[in-house]
Structures are given as C-alpha cells and as structure tokens.
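**Student:** My structure is in work_27.txt, and what it holds is compact mmCIF, C-alpha atoms:
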```
# COMPACT_ATOMS: atom_id res chain seq x y z
CA LEU Z 1 -21.25 6.25 -6.65
CA VAL Z 2 -19.84 5.60 -3.18
CA ASN Z 3 -16.76 4.02 -4.72
CA MET Z 4 -16.41 6.82 -7.28
CA TYR Z 5 -16.60 9.61 -4.71
CA ALA Z 6 -14.07 7.85 -2.48
CA LYS Z 7 -11.57 7.38 -5.29
CA CYS Z 8 -12.00 11.03 -6.27
CA GLY Z 9 -11.05 12.05 -2.74
CA SER Z 10 -14.48 13.12 -1.53
CA LEU Z 11 -15.16 10.92 1.49
CA GLU Z 12 -17.93 13.26 2.64
CA ASP Z 13 -19.88 12.78 -0.59
CA ALA Z 14 -19.32 9.03 -0.38
CA GLN Z 15 -20.72 8.94 3.17
CA ARG Z 16 -23.63 11.20 2.21
CA THR Z 17 -24.54 8.93 -0.71
CA PHE Z 18 -24.27 5.85 1.50
CA ASP Z 19 -26.50 7.39 4.20
CA ARG Z 20 -29.19 8.24 1.63
CA MET Z 21 -29.45 4.71 0.25
CA PRO Z 22 -32.91 3.25 0.98
CA GLU Z 23 -31.47 -0.26 1.20
CA ARG Z 24 -27.88 -1.34 1.80
CA ASP Z 25 -26.57 -4.79 0.96
CA VAL Z 26 -23.10 -6.25 1.55
CA VAL Z 27 -21.80 -4.59 -1.63
CA SER Z 28 -22.87 -1.16 -0.37
CA TRP Z 29 -21.25 -1.71 3.02
CA ASN Z 30 -18.07 -3.03 1.40
CA ALA Z 31 -17.80 0.10 -0.74
CA MET Z 32 -18.10 2.39 2.30
CA VAL Z 33 -15.69 0.36 4.44
CA ALA Z 34 -13.21 0.38 1.53
CA ALA Z 35 -13.64 4.16 1.22
CA TYR Z 36 -12.49 4.71 4.80
CA ALA Z 37 -9.65 2.21 4.32
CA GLN Z 38 -8.46 4.04 1.18
CA HIS Z 39 -8.35 7.31 3.11
CA GLY Z 40 -6.34 5.80 5.97
CA GLN Z 41 -9.18 6.12 8.47
CA GLY Z 42 -8.84 2.68 10.03
CA GLN Z 43 -10.84 3.28 13.20
CA GLU Z 44 -13.79 4.64 11.22
CA ALA Z 45 -13.65 1.59 8.93
CA LEU Z 46 -13.75 -0.74 11.94
CA GLN Z 47 -16.66 1.17 13.48
CA LEU Z 48 -18.56 0.88 10.21
CA PHE Z 49 -17.81 -2.85 10.14
CA GLN Z 50 -19.30 -3.20 13.63
CA GLN Z 51 -22.38 -1.26 12.54
CA MET Z 52 -22.67 -3.53 9.51
CA GLN Z 53 -22.71 -6.59 11.78
CA LEU Z 54 -25.28 -5.02 14.13
CA GLU Z 55 -27.61 -4.49 11.17
CA GLY Z 56 -27.37 -8.17 10.33
CA VAL Z 57 -25.33 -7.87 7.13
CA ILE Z 58 -22.98 -10.84 6.78
CA PRO Z 59 -19.49 -9.88 5.59
CA ASN Z 60 -17.86 -11.66 2.67
CA GLU Z 61 -14.24 -12.07 1.54
CA VAL Z 62 -14.23 -8.59 -0.05
CA THR Z 63 -15.23 -7.06 3.29
CA PHE Z 64 -12.23 -8.58 5.01
CA ILE Z 65 -9.84 -7.33 2.33
CA SER Z 66 -11.00 -3.79 3.10
CA ILE Z 67 -10.85 -4.37 6.86
CA LEU Z 68 -7.32 -5.79 6.72
CA SER Z 69 -6.27 -2.92 4.47
CA ALA Z 70 -7.70 -0.42 6.95
CA CYS Z 71 -5.76 -2.08 9.78
CA SER Z 72 -2.60 -1.97 7.67
CA HIS Z 73 -2.81 1.79 7.07
CA THR Z 74 -3.23 2.50 10.78
CA GLY Z 75 -0.91 -0.15 12.27
CA LEU Z 76 -3.66 -2.15 14.00
CA VAL Z 77 -1.75 -5.44 14.02
CA ASP Z 78 -3.70 -7.14 16.82
CA ASP Z 79 -7.05 -6.18 15.31
CA ALA Z 80 -5.94 -7.45 11.90
CA HIS Z 81 -4.88 -10.79 13.37
CA HIS Z 82 -8.27 -11.10 15.08
CA PHE Z 83 -10.14 -10.44 11.83
CA PHE Z 84 -7.86 -12.76 9.85
CA VAL Z 85 -8.63 -15.62 12.25
CA SER Z 86 -12.35 -14.81 12.56
CA MET Z 87 -12.77 -15.02 8.78
CA THR Z 88 -12.48 -18.79 9.00
CA GLN Z 89 -13.65 -19.49 12.53
CA GLU Z 90 -16.75 -17.27 12.55
CA TYR Z 91 -17.70 -16.90 8.90
CA GLY Z 92 -16.23 -19.96 7.20
CA ILE Z 93 -14.30 -17.84 4.68
CA SER Z 94 -10.96 -19.27 3.54
CA PRO Z 95 -8.32 -16.53 3.18
CA THR Z 96 -7.32 -15.87 -0.43
CA MET Z 97 -3.91 -14.79 -1.65
CA GLU Z 98 -5.09 -11.18 -1.44
CA HIS Z 99 -5.89 -11.58 2.26
CA TYR Z 100 -2.42 -12.99 2.87
CA HIS Z 101 -0.87 -10.08 0.97
CA CYS Z 102 -2.80 -7.65 3.18
CA MET Z 103 -1.43 -9.37 6.28
CA ILE Z 104 2.15 -9.48 4.94
CA ASN Z 105 1.93 -5.78 4.06
CA LEU Z 106 0.54 -4.95 7.50
CA LEU Z 107 3.22 -6.92 9.34
CA GLY Z 108 5.90 -5.34 7.18
CA ARG Z 109 4.66 -1.80 7.76
CA ALA Z 110 4.60 -2.46 11.52
CA GLY Z 111 8.16 -3.80 11.48
CA TRP Z 112 7.14 -7.38 12.21
CA LEU Z 113 9.31 -8.68 9.37
CA ASP Z 114 10.05 -12.07 10.91
CA GLU Z 115 6.33 -12.76 11.36
CA GLY Z 116 5.68 -11.61 7.78
CA GLU Z 117 8.32 -13.95 6.37
CA LYS Z 118 7.00 -16.87 8.43
CA LEU Z 119 3.49 -16.20 7.14
CA ILE Z 120 4.77 -16.37 3.55
CA VAL Z 121 6.42 -19.73 4.23
CA LYS Z 122 3.37 -21.33 5.84
CA MET Z 123 0.56 -19.90 3.68
CA PRO Z 124 -1.23 -22.49 1.49
CA TYR Z 125 -0.33 -20.66 -1.74
CA GLU Z 126 2.82 -20.48 -3.81
CA PRO Z 127 4.36 -17.04 -3.18
CA THR Z 128 4.24 -14.71 -6.17
CA VAL Z 129 6.42 -11.80 -7.22
CA MET Z 130 4.04 -9.46 -5.39
CA THR Z 131 4.37 -11.53 -2.22
CA TRP Z 132 8.15 -11.22 -2.07
CA MET Z 133 8.14 -7.61 -3.32
CA THR Z 134 5.83 -6.69 -0.45
CA LEU Z 135 8.33 -8.13 2.02
CA LEU Z 136 11.25 -6.53 0.15
CA GLY Z 137 9.60 -3.11 0.36
CA ALA Z 138 9.20 -3.55 4.11
CA CYS Z 139 12.87 -4.54 4.41
CA ARG Z 140 13.82 -1.26 2.72
CA ILE Z 141 11.73 0.74 5.19
CA HIS Z 142 13.17 -1.06 8.24
CA PHE Z 143 16.76 -1.49 6.94
CA ASP Z 144 16.72 -5.32 7.13
CA VAL Z 145 19.50 -6.18 4.68
CA GLU Z 146 19.72 -9.97 5.13
CA ARG Z 147 15.98 -10.54 4.90
CA GLY Z 148 15.84 -8.16 1.95
CA LYS Z 149 18.50 -10.23 0.15
CA ARG Z 150 16.45 -13.41 0.72
CA ALA Z 151 13.29 -11.78 -0.61
CA ALA Z 152 15.19 -10.41 -3.62
CA GLU Z 153 16.58 -13.87 -4.46
CA HIS Z 154 13.04 -15.21 -4.67
CA VAL Z 155 12.02 -12.38 -7.00
CA PHE Z 156 15.13 -12.98 -9.13
CA GLY Z 157 13.92 -16.55 -9.63
CA LEU Z 158 10.41 -15.49 -10.61
CA ASP Z 159 10.96 -12.26 -12.54
CA PRO Z 160 14.62 -11.37 -13.15
CA HIS Z 161 13.66 -8.45 -15.40
CA ASN Z 162 11.67 -6.62 -12.73
CA ALA Z 163 13.31 -3.18 -12.58
CA THR Z 164 11.71 -2.27 -9.25
CA LEU Z 165 13.46 -5.24 -7.64
CA TYR Z 166 16.91 -3.83 -8.47
CA VAL Z 167 15.98 -0.34 -7.32
CA LEU Z 168 14.68 -1.58 -3.96
CA LEU Z 169 17.65 -3.84 -3.34
CA SER Z 170 20.08 -1.07 -4.29
CA ASN Z 171 18.32 1.31 -1.91
CA ILE Z 172 18.54 -1.24 0.91
CA TYR Z 173 22.29 -1.57 0.40
CA ALA Z 174 22.75 2.20 0.13
CA ALA Z 175 20.79 2.84 3.34
CA ALA Z 176 23.09 0.36 5.12
CA GLY Z 177 26.18 2.10 3.74
CA MET Z 178 27.02 -0.90 1.54
CA TRP Z 179 27.91 1.25 -1.45
CA ASP Z 180 29.84 -1.41 -3.37
CA ASP Z 181 26.87 -3.78 -3.26
CA ALA Z 182 24.48 -0.99 -4.23
CA GLY Z 183 26.71 -0.13 -7.18
CA LYS Z 184 26.84 -3.76 -8.32
CA VAL Z 185 23.05 -3.99 -8.33
CA ARG Z 186 22.75 -0.77 -10.34
CA LYS Z 187 25.38 -2.05 -12.78
CA MET Z 188 23.43 -5.30 -13.23
CA MET Z 189 20.35 -3.22 -13.95
CA ASP Z 190 22.19 -1.15 -16.57
CA CYS Z 191 23.71 -4.24 -18.23
CA MET Z 192 20.24 -5.75 -18.60
CA GLY Z 193 18.90 -2.51 -20.06
CA LEU Z 194 16.32 -2.14 -17.31
CA LYS Z 195 14.75 1.18 -16.40
CA LYS Z 196 12.24 1.88 -13.69
CA GLN Z 197 9.07 3.59 -14.87
CA PRO Z 198 9.01 7.14 -13.44
CA GLY Z 199 6.42 7.86 -10.78
CA CYS Z 200 3.41 9.83 -11.93
CA SER Z 201 0.61 11.72 -10.21
CA SER Z 202 -2.36 13.60 -11.65
CA ILE Z 203 -4.59 16.42 -10.49
CA LYS Z 204 -7.63 17.99 -12.09
CA ILE Z 205 -7.97 21.77 -12.16
CA GLU Z 206 -10.84 23.49 -13.96
CA ASN Z 207 -11.73 20.40 -16.00
CA ARG Z 208 -8.15 19.87 -17.13
CA VAL Z 209 -5.99 16.95 -15.96
CA HIS Z 210 -2.34 17.74 -15.22
CA ASP Z 211 0.16 14.86 -15.14
CA PHE Z 212 3.41 15.13 -13.19
CA PHE Z 213 6.32 12.73 -13.65
CA VAL Z 214 9.42 12.32 -11.51
CA GLY Z 215 12.19 14.52 -12.97
CA ASP Z 216 9.75 16.03 -15.46
CA GLU Z 217 11.35 18.75 -17.59
CA CYS Z 218 8.55 19.08 -20.14
CA HIS Z 219 5.71 20.66 -18.16
CA PRO Z 220 5.07 24.26 -19.37
CA GLN Z 221 5.03 25.51 -15.77
CA LYS Z 222 8.06 23.54 -14.63
CA GLU Z 223 9.95 26.60 -13.37
CA ASP Z 224 7.08 27.69 -11.13
CA ILE Z 225 6.54 24.10 -9.94
CA TYR Z 226 10.19 23.52 -8.99
CA ALA Z 227 10.39 26.93 -7.34
CA GLU Z 228 7.40 26.05 -5.17
CA LEU Z 229 8.87 22.62 -4.34
CA HIS Z 230 12.09 24.30 -3.28
CA ARG Z 231 10.18 26.74 -1.09
CA LEU Z 232 8.27 23.90 0.56
CA SER Z 233 11.47 21.90 1.08
CA MET Z 234 13.12 24.84 2.81
CA GLN Z 235 10.05 25.37 4.96
CA MET Z 236 10.04 21.71 6.01
CA GLU Z 237 13.74 21.78 6.86
CA GLU Z 238 13.20 24.88 9.01
CA ALA Z 239 10.43 22.99 10.83
CA GLY Z 240 12.89 20.18 11.62
CA TYR Z 241 12.00 17.64 8.94
CA VAL Z 242 14.90 15.37 7.95
CA PRO Z 243 14.31 13.30 4.77
CA ASP Z 244 15.37 9.63 4.80
```
Any chance you could give the structure as structure tokens?
**Tutor:**
Amino acid sequence: LVNMYAKCGSLEDAQRTFDRMPERDVVSWNAMVAAYAQHGQGQEALQLFQQMQLEGVIPNEVTFISILSACSHTGLVDDAHHFFVSMTQEYGISPTMEHYHCMINLLGRAGWLDEGEKLIVKMPYEPTVMTWMTLLGACRIHFDVERGKRAAEHVFGLDPHNATLYVLLSNIYAAAGMWDDAGKVRKMMDCMGLKKQPGCSSIKIENRVHDFFVGDECHPQKEDIYAELHRLSMQMEEAGYVPD
C-alpha cells in the first residue's frame, strides 16, 4: 500500500499508512524511503533512513538503492559518496550494478562527468548499454561533446540499433553548434530505419485514463490542449523562462 500510494502521487497517504503499521520491518522502511526518493524529497528520505537506524532496523541493498536515488534527485553528492562507502565498510554489502548506476547518474546530474566516467572504468562489472547511456545523457545536459562521443562509441558497440543513442548524440552536436555532425547522425538513423518511440504520459480523471503522446494529433481535445500549452508557454516566457 505504501508503494502504491507513492507511485500514484499521494505521498501523504503513503506516510499515513506507514505510520499506522503496528510493526515495520526493513521492507516497510524501504518502501517509505523509496517513496520520498521518488518524489524528489531527498532530505526527508535521509531523515527517515536515520530514524530507521535509530529503531534498530538494519538496511539492506534495496535500502541503499533508494538512498542513493534520493541523493541523486537532490544533488547530495557528498552524502551519496558516504553512503556508497558505508555500504561495504559498515554493513558488509557489496555494491551491485544498480548501485553503481545510481552513483553514475548522480555524478552526471551534478556535472561531475570525469568522476562518473572514472567510476565506470574501475567498477567490478562490465558496463552495459544503460551504463554508457546514463553517462551520455549527462553529457547532453552539460554539453560535453568529447566525452559524449566516447560514451556513444561504447553504446554503438553494444547496441547499434538503439534509437535513443542517435537522438542524444545528435542533440549533443546540435547544442554545440556542430550542425554537420548532428545531420550525419540523423542521416545514419534514417538509413537504418530507426525511430525513437514518442514520449507518453497518462493522467486519470473521473475514472478514465487519458494518454498523451509527443506530437499527438489524434486526441479528441487536441485543439483545447494545444491552446492551453501555448498559453502556458507565453506565460512562462513573460516570466523570463528561456527553454534550452
């Protein structure tokens, strides 16, 4: 129930359910810590982790995935490093690939791209497509062209038909004003017949689920939706927002 409420966006109901539990084991605590992490409330997740320790509940590897995720969403690099080290030194838990991915994502979000790449090289696992894509996504955010090219080359070797790879690399080139390179990547994508799956989001209104796709022209209320988006865009521009 805690997990369900959190994923449905009701953190208050998740907390209320957690507080009413007569007994709470490590699974219960993990669910509540993860709930705060999912909602980007890193400090609250860390406070709950401290409370968990005070009550004598020993964290497991799932706990640290949630803690590292919480640190990632709030840019708590030093705290994340402390927890990553304490996993082994204090609790005897060997970091899994998922823990490493959390750290790479966190370092990338914070702009510590060199540290993220070094962590990939020295981790005791063979990097996967997700590993390099995580770094590539960070390179797009922080306009690191050369590192992005290195990450992309690794993905090419592992999954050359990954459409997202070409889109990210093209965006990196475009952001750097390297239009010829961006065009070449897009052309490669077209020649291979690759298409990126459109983004999709869903909301539930009065027991009916509405799906929205990027560039959707089929929704029966599309005119009203795009008119509202235009109004919001104008309002944001007037407030000084400049899209990247």
**Student:** Smallest atom-to-atom distance to Gly199 (chain Z): which of Z:Tyr5, Z:Phe18, Z:Phe213, Z:Phe156, using all atoms listed in the file?
**Tutor:** Z:Phe213
**Student:** Counting all atoms listed in the file, note down every residue that has an atom within 10 Å of the point (-20.0, 8.5, -7.2) (file coordinates), as a PyMOL selection string.
**Tutor:** chain Z and resi 1-8+10+13-14+17
**Student:** Figure out the distance between CA of Val209 (chain Z) and CA of Asn162 (chain Z), please, to one decimal in Å.
**Tutor:**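 Separation between CA of Asn162 (chain Z) and CA of Val209 (chain Z): 29.6 Å.
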**Student:** Can you work out the spacing between CA of Gly9 (chain Z) and CA of Gln38 (chain Z) in Å, to one decimal?
**Tutor:**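 CA of Gln38 (chain Z) lies at a distance of 9.3 Å from CA of Gly9 (chain Z).
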**Student:** For region 124-215 of chain Z against region 101-119 of chain Z, with a cut-off of 12 Å and counting only C-alpha atoms, what is the closest atom pair and its distance in Å to one decimal for every residue that makes the cut, ordered by chain and number, as JSON lines?
**Tutor:**
```
{"residue": "Z:Pro124", "atom": "CA", "partner": "Z:Leu119", "partner_atom": "CA", "distance": 9.7}
{"residue": "Z:Tyr125", "atom": "CA", "partner": "Z:Leu119", "partner_atom": "CA", "distance": 10.6}
{"residue": "Z:Glu126", "atom": "CA", "partner": "Z:Leu119", "partner_atom": "CA", "distance": 11.8}
{"residue": "Z:Pro127", "atom": "CA", "partner": "Z:His101", "partner_atom": "CA", "distance": 9.6}
{"residue": "Z:Thr128", "atom": "CA", "partner": "Z:His101", "partner_atom": "CA", "distance": 9.9}
{"residue": "Z:Val129", "atom": "CA", "partner": "Z:His101", "partner_atom": "CA", "distance": 11.1}
{"residue": "Z:Met130", "atom": "CA", "partner": "Z:His101", "partner_atom": "CA", "distance": 8.1}
{"residue": "Z:Thr131", "atom": "CA", "partner": "Z:His101", "partner_atom": "CA", "distance": 6.3}
{"residue": "Z:Trp132", "atom": "CA", "partner": "Z:Glu117", "partner_atom": "CA", "distance": 8.9}
{"residue": "Z:Met133", "atom": "CA", "partner": "Z:Asn105", "partner_atom": "CA", "distance": 9.8}
{"residue": "Z:Thr134", "atom": "CA", "partner": "Z:Asn105", "partner_atom": "CA", "distance": 6.0}
{"residue": "Z:Leu135", "atom": "CA", "partner": "Z:Gly108", "partner_atom": "CA", "distance": 6.3}
{"residue": "Z:Leu136", "atom": "CA", "partner": "Z:Gly108", "partner_atom": "CA", "distance": 8.9}
{"residue": "Z:Gly137", "atom": "CA", "partner": "Z:Gly108", "partner_atom": "CA", "distance": 8.1}
{"residue": "Z:Ala138", "atom": "CA", "partner": "Z:Gly108", "partner_atom": "CA", "distance": 4.8}
{"residue": "Z:Cys139", "atom": "CA", "partner": "Z:Leu113", "partner_atom": "CA", "distance": 7.4}
{"residue": "Z:Arg140", "atom": "CA", "partner": "Z:Gly108", "partner_atom": "CA", "distance": 10.0}
{"residue": "Z:Ile141", "atom": "CA", "partner": "Z:Arg109", "partner_atom": "CA", "distance": 7.9}
{"residue": "Z:His142", "atom": "CA", "partner": "Z:Gly111", "partner_atom": "CA", "distance": 6.6}
{"residue": "Z:Phe143", "atom": "CA", "partner": "Z:Gly111", "partner_atom": "CA", "distance": 10.0}
{"residue": "Z:Asp144", "atom": "CA", "partner": "Z:Leu113", "partner_atom": "CA", "distance": 8.4}
{"residue": "Z:Val145", "atom": "CA", "partner": "Z:Leu113", "partner_atom": "CA", "distance": 11.5}
{"residue": "Z:Glu146", "atom": "CA", "partner": "Z:Leu113", "partner_atom": "CA", "distance": 11.3}
{"residue": "Z:Arg147", "atom": "CA", "partner": "Z:Leu113", "partner_atom": "CA", "distance": 8.2}
{"residue": "Z:Gly148", "atom": "CA", "partner": "Z:Leu113", "partner_atom": "CA", "distance": 9.9}
{"residue": "Z:Arg150", "atom": "CA", "partner": "Z:Glu117", "partner_atom": "CA", "distance": 9.9}
{"residue": "Z:Ala151", "atom": "CA", "partner": "Z:Glu117", "partner_atom": "CA", "distance": 8.8}
```
**Student:** Any chance you can output those residues with C-alpha atoms as an mmCIF file, in the coordinates of the input?
**Tutor:**
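Result file is selection.cif:
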```cif
data_model
loop_
_atom_site.group_PDB
_atom_site.id
_atom_site.type_symbol
_atom_site.label_atom_id
_atom_site.label_comp_id
_atom_site.auth_asym_id
_atom_site.auth_seq_id
_atom_site.Cartn_x
_atom_site.Cartn_y
_atom_site.Cartn_z
ATOM 1 C CA PRO Z 124 -1.230 -22.490 1.490
ATOM 2 C CA TYR Z 125 -0.330 -20.660 -1.740
ATOM 3 C CA GLU Z 126 2.820 -20.480 -3.810
ATOM 4 C CA PRO Z 127 4.360 -17.040 -3.180
ATOM 5 C CA THR Z 128 4.240 -14.710 -6.170
ATOM 6 C CA VAL Z 129 6.420 -11.800 -7.220
ATOM 7 C CA MET Z 130 4.040 -9.460 -5.390
ATOM 8 C CA THR Z 131 4.370 -11.530 -2.220
ATOM 9 C CA TRP Z 132 8.150 -11.220 -2.070
ATOM 10 C CA MET Z 133 8.140 -7.610 -3.320
ATOM 11 C CA THR Z 134 5.830 -6.690 -0.450
ATOM 12 C CA LEU Z 135 8.330 -8.130 2.020
ATOM 13 C CA LEU Z 136 11.250 -6.530 0.150
ATOM 14 C CA GLY Z 137 9.600 -3.110 0.360
ATOM 15 C CA ALA Z 138 9.200 -3.550 4.110
ATOM 16 C CA CYS Z 139 12.870 -4.540 4.410
ATOM 17 C CA ARG Z 140 13.820 -1.260 2.720
ATOM 18 C CA ILE Z 141 11.730 0.740 5.190
ATOM 19 C CA HIS Z 142 13.170 -1.060 8.240
ATOM 20 C CA PHE Z 143 16.760 -1.490 6.940
ATOM 21 C CA ASP Z 144 16.720 -5.320 7.130
ATOM 22 C CA VAL Z 145 19.500 -6.180 4.680
ATOM 23 C CA GLU Z 146 19.720 -9.970 5.130
ATOM 24 C CA ARG Z 147 15.980 -10.540 4.900
ATOM 25 C CA GLY Z 148 15.840 -8.160 1.950
ATOM 26 C CA ARG Z 150 16.450 -13.410 0.720
ATOM 27 C CA ALA Z 151 13.290 -11.780 -0.610
#
```
**Student:** Could you give me, as a tab-separated table, a per-residue list for region 154-213 of chain Z showing, wherever an atom lies at most 12 Å from an atom of region 223-244 of chain Z, the closest pair of atoms and their distance in Å to one decimal, using all atoms listed in the file and sorting by chain then residue number from low to high?
**Tutor:**
```
residue	atom	partner	partner_atom	distance
Z:Asn171	CA	Z:Asp244	CA	11.1
Z:Ile172	CA	Z:Asp244	CA	12.0
Z:Ala174	CA	Z:Asp244	CA	11.5
Z:Ala175	CA	Z:Asp244	CA	8.8
Z:Phe212	CA	Z:Ile225	CA	10.0
Z:Phe213	CA	Z:Ile225	CA	12.0
```
**Student:** Could those residues be written to a file, using C-alpha atoms, as a CSV table (one decimal), in the coordinates of the input?
**Tutor:**
```csv
chain,number,residue,atom,x,y,z
Z,171,ASN,CA,18.3,1.3,-1.9
Z,172,ILE,CA,18.5,-1.2,0.9
Z,174,ALA,CA,22.8,2.2,0.1
Z,175,ALA,CA,20.8,2.8,3.3
Z,212,PHE,CA,3.4,15.1,-13.2
Z,213,PHE,CA,6.3,12.7,-13.6
```
**Student:** Can you work out which one of Z:Thr74, Z:Gln43, Z:Thr63, Z:Ser170 has the shortest atom-to-atom distance to Gly183 (chain Z), counting only C-alpha atoms?
**Tutor:**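 Among Z:Thr74, Z:Gln43, Z:Thr63, Z:Ser170, it is Z:Ser170 that comes nearest to Gly183 (chain Z).
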**Student:** Work out where the centre of an axis-aligned box around every listed atom of region 169-179 of chain Z lies and how long its edges are once 8 Å is added on each side; give both in Å to one decimal as lines of an AutoDock Vina configuration file.
**Tutor:**
```
center_x = 22.8
center_y = -0.5
center_z = 0.4
size_x = 26.3
size_y = 22.7
size_z = 25.4
```
**Student:** What does the distance between CA of Ser94 (chain Z) and CA of Asp25 (chain Z) come to in Å, to one decimal place?
**Tutor:**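 Going from CA of Ser94 (chain Z) over to CA of Asp25 (chain Z) covers 21.4 Å.
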**Student:** Can you pull out the residues contacting Gly193 (chain Z)? Cut-off 12 Å, using only C-alpha atoms, and skip same-chain residues under 3 positions away; I want them as a ChimeraX atom specification.
**Tutor:** /Z:161-163,166,186-190,196
**Student:** Can you spit out the residues from that selection as a short mmCIF file (atom, residue, chain, number, x, y, z; two decimals), in the frame of the given file, using C-alpha atoms?
**Tutor:**
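So selection15.cif came out as:
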```cif
data_model
loop_
_atom_site.label_atom_id
_atom_site.label_comp_id
_atom_site.auth_asym_id
_atom_site.auth_seq_id
_atom_site.Cartn_x
_atom_site.Cartn_y
_atom_site.Cartn_z
CA HIS Z 161 13.66 -8.45 -15.40
CA ASN Z 162 11.67 -6.62 -12.73
CA ALA Z 163 13.31 -3.18 -12.58
CA TYR Z 166 16.91 -3.83 -8.47
CA ARG Z 186 22.75 -0.77 -10.34
CA LYS Z 187 25.38 -2.05 -12.78
CA MET Z 188 23.43 -5.30 -13.23
CA MET Z 189 20.35 -3.22 -13.95
CA ASP Z 190 22.19 -1.15 -16.57
CA LYS Z 196 12.24 1.88 -13.69
#
```
**Student:** Find the residue from Z:His210, Z:Met178, Z:Pro160, Z:Val121 that sits nearest to Met192 (chain Z); use all atoms listed in the file when measuring.
**Tutor:**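 For Met192 (chain Z), the nearest of the candidates is Z:Pro160.
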**Student:** Counting all atoms listed in the file, I want the residues whose atoms come within 7 Å of (-2.5, -17.2, 2.7) in the file frame, returned as a PyMOL selection string.
**Tutor:** chain Z and resi 95-97+99-100+123-125
**Student:** Which neighbours of Gly92 (chain Z) fall inside 12 Å, counting only C-alpha atoms, when residues of the same chain fewer than 4 positions from it are skipped, and could you give them as a ChimeraX atom specification?
**Tutor:** /Z:58-61,84-88
**Student:** Missing atoms in region 12-25 of chain Z: can you complete it with N, CA, C and O atoms, as an mmCIF file, in the frame of the given file?
**Tutor:**
```
data_model
loop_
_atom_site.group_PDB
_atom_site.id
_atom_site.type_symbol
_atom_site.label_atom_id
_atom_site.label_comp_id
_atom_site.auth_asym_id
_atom_site.auth_seq_id
_atom_site.Cartn_x
_atom_site.Cartn_y
_atom_site.Cartn_z
ATOM 1 N N GLU Z 12 -16.665 12.721 2.146
ATOM 2 C CA GLU Z 12 -17.930 13.260 2.640
ATOM 3 C C GLU Z 12 -19.080 12.934 1.692
ATOM 4 O O GLU Z 12 -20.174 12.529 2.125
ATOM 5 N N ASP Z 13 -18.845 13.098 0.386
ATOM 6 C CA ASP Z 13 -19.880 12.780 -0.590
ATOM 7 C C ASP Z 13 -20.169 11.285 -0.614
ATOM 8 O O ASP Z 13 -21.311 10.862 -0.809
ATOM 9 N N ALA Z 14 -19.129 10.480 -0.423
ATOM 10 C CA ALA Z 14 -19.320 9.030 -0.380
ATOM 11 C C ALA Z 14 -20.209 8.652 0.801
ATOM 12 O O ALA Z 14 -21.157 7.857 0.659
ATOM 13 N N GLN Z 15 -19.921 9.234 1.972
ATOM 14 C CA GLN Z 15 -20.720 8.940 3.170
ATOM 15 C C GLN Z 15 -22.149 9.441 3.012
ATOM 16 O O GLN Z 15 -23.113 8.761 3.392
ATOM 17 N N ARG Z 16 -22.302 10.631 2.415
ATOM 18 C CA ARG Z 16 -23.630 11.200 2.210
ATOM 19 C C ARG Z 16 -24.465 10.300 1.282
ATOM 20 O O ARG Z 16 -25.652 10.053 1.545
ATOM 21 N N THR Z 17 -23.843 9.817 0.225
ATOM 22 C CA THR Z 17 -24.540 8.930 -0.710
ATOM 23 C C THR Z 17 -24.925 7.629 -0.018
ATOM 24 O O THR Z 17 -26.042 7.120 -0.187
ATOM 25 N N PHE Z 18 -24.006 7.099 0.771
ATOM 26 C CA PHE Z 18 -24.270 5.850 1.500
ATOM 27 C C PHE Z 18 -25.430 6.024 2.476
ATOM 28 O O PHE Z 18 -26.324 5.166 2.565
ATOM 29 N N ASP Z 19 -25.445 7.141 3.207
ATOM 30 C CA ASP Z 19 -26.500 7.390 4.200
ATOM 31 C C ASP Z 19 -27.876 7.532 3.553
ATOM 32 O O ASP Z 19 -28.894 7.230 4.179
ATOM 33 N N ARG Z 20 -27.911 8.007 2.304
ATOM 34 C CA ARG Z 20 -29.190 8.240 1.630
ATOM 35 C C ARG Z 20 -29.752 7.001 0.946
ATOM 36 O O ARG Z 20 -30.873 7.028 0.429
ATOM 37 N N MET Z 21 -28.983 5.921 0.924
ATOM 38 C CA MET Z 21 -29.450 4.710 0.250
ATOM 39 C C MET Z 21 -30.634 4.110 1.002
ATOM 40 O O MET Z 21 -30.559 3.886 2.217
ATOM 41 N N PRO Z 22 -31.745 3.820 0.306
ATOM 42 C CA PRO Z 22 -32.910 3.250 0.980
ATOM 43 C C PRO Z 22 -32.654 1.837 1.491
ATOM 44 O O PRO Z 22 -33.186 1.429 2.524
ATOM 45 N N GLU Z 23 -31.842 1.085 0.776
ATOM 46 C CA GLU Z 23 -31.470 -0.260 1.200
ATOM 47 C C GLU Z 23 -29.972 -0.452 0.970
ATOM 48 O O GLU Z 23 -29.435 0.014 -0.030
ATOM 49 N N ARG Z 24 -29.322 -1.143 1.912
ATOM 50 C CA ARG Z 24 -27.880 -1.340 1.800
ATOM 51 C C ARG Z 24 -27.551 -2.814 1.950
ATOM 52 O O ARG Z 24 -27.832 -3.404 3.003
ATOM 53 N N ASP Z 25 -26.983 -3.389 0.895
ATOM 54 C CA ASP Z 25 -26.570 -4.790 0.960
ATOM 55 C C ASP Z 25 -25.074 -4.857 1.256
ATOM 56 O O ASP Z 25 -24.432 -3.841 1.514
#
```
